[in-house]
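*Asks:* Okay, here's the structure, questions in a sec.
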Amino acid sequence: MHGTVPPATKKRSRKSFWLKQLHTWHWMSSAISLIGLLLFAITGFTLNHAADIEAAPKSIERATQLPPQLLAQVKPDDKPDSKQPFPAPVAKFIESKLPMKADGIAEWSADEIYLALPRPGGDGWISIDRETGTVTSESTSRGWIAYLNDLHKGRNAGGAWKLFIDIFVFACIVFTLTGLVLLWMHSKHRKSTWPIVALGLIIPALIAIFLIH
């Protein structure tokens, strides 16, 4: 008959199991968040020194003319100001003439239809004169650094990027929490663990309390 497993052996077995699980979750979350962490670290630096990094915005203006059959769809009327997309045929025509997406909610006033087209690292707009059918547009680019900075802030980046940030944040939380537990499990053999962790909290706290006004 087999003897019972000693409690010490059970404890070591449980610790080995959880240590293996933590290492697995730690490396998987670090792999998922690695590129995102690198991106956010670099753009954190560029945002912190935004005043020192000069950008030279480049703007391109274009114009076209709506044909009579499409002009009839945007002619002035007695309706109050509203917000709605361009009519589908009008949007299709504009996109065929200008290298810009003409979708989104536009502002309809008595004499103009204005569509704002903000995007990461740049800006843009399309305007239609409701009386003449003249279509004017402007597209502005502030460069790759501005593009990455806007991704860092999630500015005008759309739903897919918002979802990515949510997944990235979850991966970072798993990465940090599993790292914290691993620190705790190894801290008996590494006496400097908690003093270093404490410094990571104390240094920014002191700066915030005494040096930020």
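Just so we're on the same page: first chain in the structure tokens is A, next is B, and so on; residues restart at 1 for each chain, and ligands are numbered from 1 in the order they show up.
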Apply DSSP to the backbone of this structure and, from stretch 43-199 of chain A, keep only the residues in alpha helix (DSSP H); write these as a ChimeraX atom specification.

*Replies:* /A:43-48,68-71,88-97,144-153,158-186,193-199

*Asks:* Would you please extract all strand (DSSP E or B) residues from stretch 3-115 of chain A, as assigned by DSSP on the backbone, and give them as a list in words?

*Replies:*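 The residues of stretch 3-115 of chain A classed as strand (DSSP E or B) are Lys58, Ser59, Ile60, Glu61, Arg62, Ala63, Thr64, Gln65, Ser82, Lys83, Gln84, Ala106, Glu107, Trp108, Glu112, Ile113, Tyr114 and Leu115 of chain A.
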
*Asks:* Mind checking which residues fall within 10 Å of stretch 162-166 of chain A, counting only C-alpha atoms, ignoring those fewer than 4 positions away in the same chain, and posting them as a PyMOL selection string?

*Replies:* chain A and resi 36+151-158+170-172

*Asks:* When you look at A:Leu71 with a cut-off of 10 Å (counting only C-alpha atoms), what residues show up, excluding the ones that are within fewer than 4 positions of it in the same chain? I need them as a list in words.

*Replies:*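 The contact residues come out as Gln65, Leu66, Pro67, Lys75, Pro76, Val90, Ile128, Asp129, Arg130, Glu131, Thr132, Gly133 and Thr134 of chain A.
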
*Asks:* Write a file of the selected residues as a CSV table (one decimal), in the first residue's frame, keeping C-alpha atoms.

*Replies:*
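Output contents, as saved in again.csv:
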```
chain,number,residue,atom,x,y,z
A,65,GLN,CA,-17.5,70.4,-59.7
A,66,LEU,CA,-20.7,68.5,-59.2
A,67,PRO,CA,-22.6,67.7,-62.4
A,75,LYS,CA,-29.6,72.4,-53.7
A,76,PRO,CA,-30.6,74.8,-50.9
A,90,VAL,CA,-22.6,62.6,-54.4
A,128,ILE,CA,-19.8,71.6,-51.1
A,129,ASP,CA,-21.3,75.0,-52.1
A,130,ARG,CA,-25.0,74.2,-52.3
A,131,GLU,CA,-25.7,76.9,-54.8
A,132,THR,CA,-22.9,76.3,-57.3
A,133,GLY,CA,-22.0,72.7,-56.7
A,134,THR,CA,-18.3,73.6,-56.3
```

*Asks:* Given only C-alpha atoms, how would the per-residue table for stretch 107-182 of chain A near stretch 15-27 of chain A read, listing every residue at most 7 Å away with its closest atom pair and distance in Å to one decimal, sorted by chain and number, as JSON lines?

*Replies:*
```
{"residue": "A:Phe175", "atom": "CA", "partner": "A:His26", "partner_atom": "CA", "distance": 5.2}
{"residue": "A:Thr178", "atom": "CA", "partner": "A:His26", "partner_atom": "CA", "distance": 5.6}
{"residue": "A:Gly179", "atom": "CA", "partner": "A:His26", "partner_atom": "CA", "distance": 6.5}
```

*Asks:* Using only C-alpha atoms, find each residue of stretch 56-78 of chain A with at least one atom at most 12 Å away from an atom of stretch 136-147 of chain A; report its shortest atom-to-atom pair and that distance in Å (one decimal), sort the rows by chain and rising residue number, and return the result as a Markdown table.

*Replies:*
```
| residue | atom | partner | partner_atom | distance |
| --- | --- | --- | --- | --- |
| A:Ala56 | CA | A:Arg142 | CA | 6.2 |
| A:Pro57 | CA | A:Arg142 | CA | 4.3 |
| A:Lys58 | CA | A:Ser141 | CA | 5.3 |
| A:Ser59 | CA | A:Thr140 | CA | 4.2 |
| A:Ile60 | CA | A:Ser139 | CA | 5.2 |
| A:Glu61 | CA | A:Glu138 | CA | 4.4 |
| A:Arg62 | CA | A:Ser137 | CA | 5.3 |
| A:Ala63 | CA | A:Thr136 | CA | 4.3 |
| A:Thr64 | CA | A:Thr136 | CA | 6.6 |
| A:Gln65 | CA | A:Thr136 | CA | 8.6 |
| A:Leu66 | CA | A:Thr136 | CA | 10.7 |
```

*Asks:* Mind writing the picked residues with all heavy atoms as a PDB file, in the first residue's frame?

*Replies:*
```pdb
ATOM      1  N   ALA A  56       6.359  69.863 -39.692  1.00  0.00           N
ATOM      2  CA  ALA A  56       6.095  70.766 -40.816  1.00  0.00           C
ATOM      3  C   ALA A  56       4.855  70.262 -41.550  1.00  0.00           C
ATOM      4  O   ALA A  56       4.952  69.413 -42.453  1.00  0.00           O
ATOM      5  CB  ALA A  56       7.292  70.808 -41.751  1.00  0.00           C
ATOM      6  N   PRO A  57       3.674  70.735 -41.149  1.00  0.00           N
ATOM      7  CA  PRO A  57       2.440  70.267 -41.789  1.00  0.00           C
ATOM      8  C   PRO A  57       2.440  70.548 -43.291  1.00  0.00           C
ATOM      9  O   PRO A  57       2.880  71.598 -43.742  1.00  0.00           O
ATOM     10  CB  PRO A  57       1.346  71.073 -41.073  1.00  0.00           C
ATOM     11  CG  PRO A  57       1.966  71.525 -39.792  1.00  0.00           C
ATOM     12  CD  PRO A  57       3.416  71.735 -40.093  1.00  0.00           C
ATOM     13  N   LYS A  58       1.945  69.579 -44.038  1.00  0.00           N
ATOM     14  CA  LYS A  58       1.821  69.737 -45.485  1.00  0.00           C
ATOM     15  C   LYS A  58       0.352  69.635 -45.862  1.00  0.00           C
ATOM     16  O   LYS A  58      -0.310  68.646 -45.534  1.00  0.00           O
ATOM     17  CB  LYS A  58       2.634  68.671 -46.220  1.00  0.00           C
ATOM     18  CG  LYS A  58       4.136  68.764 -45.969  1.00  0.00           C
ATOM     19  CD  LYS A  58       4.888  67.681 -46.725  1.00  0.00           C
ATOM     20  CE  LYS A  58       6.385  67.767 -46.484  1.00  0.00           C
ATOM     21  NZ  LYS A  58       7.135  66.689 -47.204  1.00  0.00           N
ATOM     22  N   SER A  59      -0.145  70.662 -46.535  1.00  0.00           N
ATOM     23  CA  SER A  59      -1.558  70.703 -46.916  1.00  0.00           C
ATOM     24  C   SER A  59      -1.706  70.644 -48.433  1.00  0.00           C
ATOM     25  O   SER A  59      -0.928  71.264 -49.165  1.00  0.00           O
ATOM     26  CB  SER A  59      -2.225  71.972 -46.382  1.00  0.00           C
ATOM     27  OG  SER A  59      -2.221  71.975 -44.962  1.00  0.00           O
ATOM     28  N   ILE A  60      -2.696  69.890 -48.869  1.00  0.00           N
ATOM     29  CA  ILE A  60      -3.005  69.783 -50.303  1.00  0.00           C
ATOM     30  C   ILE A  60      -4.465  70.188 -50.488  1.00  0.00           C
ATOM     31  O   ILE A  60      -5.363  69.615 -49.863  1.00  0.00           O
ATOM     32  CB  ILE A  60      -2.777  68.361 -50.831  1.00  0.00           C
ATOM     33  CG1 ILE A  60      -1.309  67.953 -50.644  1.00  0.00           C
ATOM     34  CG2 ILE A  60      -3.169  68.266 -52.301  1.00  0.00           C
ATOM     35  CD1 ILE A  60      -1.020  66.513 -51.034  1.00  0.00           C
ATOM     36  N   GLU A  61      -4.708  71.164 -51.354  1.00  0.00           N
ATOM     37  CA  GLU A  61      -6.060  71.617 -51.650  1.00  0.00           C
ATOM     38  C   GLU A  61      -6.477  71.113 -53.033  1.00  0.00           C
ATOM     39  O   GLU A  61      -5.678  71.126 -53.967  1.00  0.00           O
ATOM     40  CB  GLU A  61      -6.143  73.142 -51.591  1.00  0.00           C
ATOM     41  CG  GLU A  61      -5.840  73.723 -50.212  1.00  0.00           C
ATOM     42  CD  GLU A  61      -5.960  75.243 -50.196  1.00  0.00           C
ATOM     43  OE1 GLU A  61      -6.348  75.814 -51.246  1.00  0.00           O
ATOM     44  OE2 GLU A  61      -5.650  75.847 -49.158  1.00  0.00           O
ATOM     45  N   ARG A  62      -7.710  70.685 -53.123  1.00  0.00           N
ATOM     46  CA  ARG A  62      -8.234  70.207 -54.405  1.00  0.00           C
ATOM     47  C   ARG A  62      -9.652  70.735 -54.586  1.00  0.00           C
ATOM     48  O   ARG A  62     -10.308  71.125 -53.621  1.00  0.00           O
ATOM     49  CB  ARG A  62      -8.238  68.674 -54.465  1.00  0.00           C
ATOM     50  CG  ARG A  62      -6.846  68.043 -54.403  1.00  0.00           C
ATOM     51  CD  ARG A  62      -6.956  66.529 -54.519  1.00  0.00           C
ATOM     52  NE  ARG A  62      -5.652  65.873 -54.563  1.00  0.00           N
ATOM     53  CZ  ARG A  62      -4.993  65.473 -53.497  1.00  0.00           C
ATOM     54  NH1 ARG A  62      -5.500  65.692 -52.288  1.00  0.00           N
ATOM     55  NH2 ARG A  62      -3.810  64.881 -53.609  1.00  0.00           N
ATOM     56  N   ALA A  63     -10.113  70.691 -55.833  1.00  0.00           N
ATOM     57  CA  ALA A  63     -11.472  71.156 -56.123  1.00  0.00           C
ATOM     58  C   ALA A  63     -12.031  70.392 -57.319  1.00  0.00           C
ATOM     59  O   ALA A  63     -11.286  69.895 -58.180  1.00  0.00           O
ATOM     60  CB  ALA A  63     -11.473  72.654 -56.413  1.00  0.00           C
ATOM     61  N   THR A  64     -13.349  70.279 -57.354  1.00  0.00           N
ATOM     62  CA  THR A  64     -14.043  69.674 -58.486  1.00  0.00           C
ATOM     63  C   THR A  64     -15.447  70.279 -58.552  1.00  0.00           C
ATOM     64  O   THR A  64     -15.814  71.103 -57.710  1.00  0.00           O
ATOM     65  CB  THR A  64     -14.096  68.135 -58.375  1.00  0.00           C
ATOM     66  OG1 THR A  64     -14.607  67.584 -59.583  1.00  0.00           O
ATOM     67  CG2 THR A  64     -14.969  67.699 -57.213  1.00  0.00           C
ATOM     68  N   GLN A  65     -16.211  69.852 -59.517  1.00  0.00           N
ATOM     69  CA  GLN A  65     -17.545  70.432 -59.731  1.00  0.00           C
ATOM     70  C   GLN A  65     -18.581  69.321 -59.858  1.00  0.00           C
ATOM     71  O   GLN A  65     -18.393  68.374 -60.632  1.00  0.00           O
ATOM     72  CB  GLN A  65     -17.549  71.289 -61.000  1.00  0.00           C
ATOM     73  CG  GLN A  65     -18.861  71.971 -61.311  1.00  0.00           C
ATOM     74  CD  GLN A  65     -19.185  73.099 -60.345  1.00  0.00           C
ATOM     75  OE1 GLN A  65     -18.278  73.798 -59.877  1.00  0.00           O
ATOM     76  NE2 GLN A  65     -20.462  73.274 -60.036  1.00  0.00           N
ATOM     77  N   LEU A  66     -19.663  69.437 -59.085  1.00  0.00           N
ATOM     78  CA  LEU A  66     -20.727  68.454 -59.201  1.00  0.00           C
ATOM     79  C   LEU A  66     -21.463  68.638 -60.522  1.00  0.00           C
ATOM     80  O   LEU A  66     -21.771  69.769 -60.923  1.00  0.00           O
ATOM     81  CB  LEU A  66     -21.731  68.611 -58.053  1.00  0.00           C
ATOM     82  CG  LEU A  66     -21.277  68.240 -56.643  1.00  0.00           C
ATOM     83  CD1 LEU A  66     -22.414  68.492 -55.653  1.00  0.00           C
ATOM     84  CD2 LEU A  66     -20.818  66.798 -56.570  1.00  0.00           C
TER      85      LEU A  66
END
```

*Asks:* What gap, in Å, lies between atom CA of A:Met28 and atom CA of A:Val174?

*Replies:*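 Spanning atom CA of A:Met28 to atom CA of A:Val174 is a straight-line distance of 9.3 Å.
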
*Asks:* Which polymer residues have any atom within 8 Å of an atom of A:Ile105, counting only C-alpha atoms, with same-chain residues fewer than 6 positions away left out, as number ranges by chain?

*Replies:* A: 83-86, 115

*Asks:* Between atom CA of A:Ala102 and atom CA of A:Ile126, what distance in Å does the model show, to one decimal?

*Replies:*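 It comes out at 7.6 Å.
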
*Asks:* Please measure the separation of atom CA of A:Lys101 and atom CA of A:Asp150, giving the value in Å to one decimal.

*Replies:*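 We find that atom CA of A:Lys101 and atom CA of A:Asp150 lie 19.6 Å from each other.
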
*Asks:* Which one of A:Leu117, A:Val74, A:Ile94, A:Leu148 sits closest to A:Phe40 if you count only C-alpha atoms?

*Replies:*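 Ranked by minimum distance to A:Phe40, first place goes to A:Leu148.
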
*Asks:* Please determine, counting only C-alpha atoms, which residue among A:Asn149, A:Ile212, A:Pro120, A:Val135 has the shortest atom-to-atom distance to A:Ile42.

*Replies:*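 Looking only at the distances to A:Ile42, the closest residue turns out to be A:Asn149.
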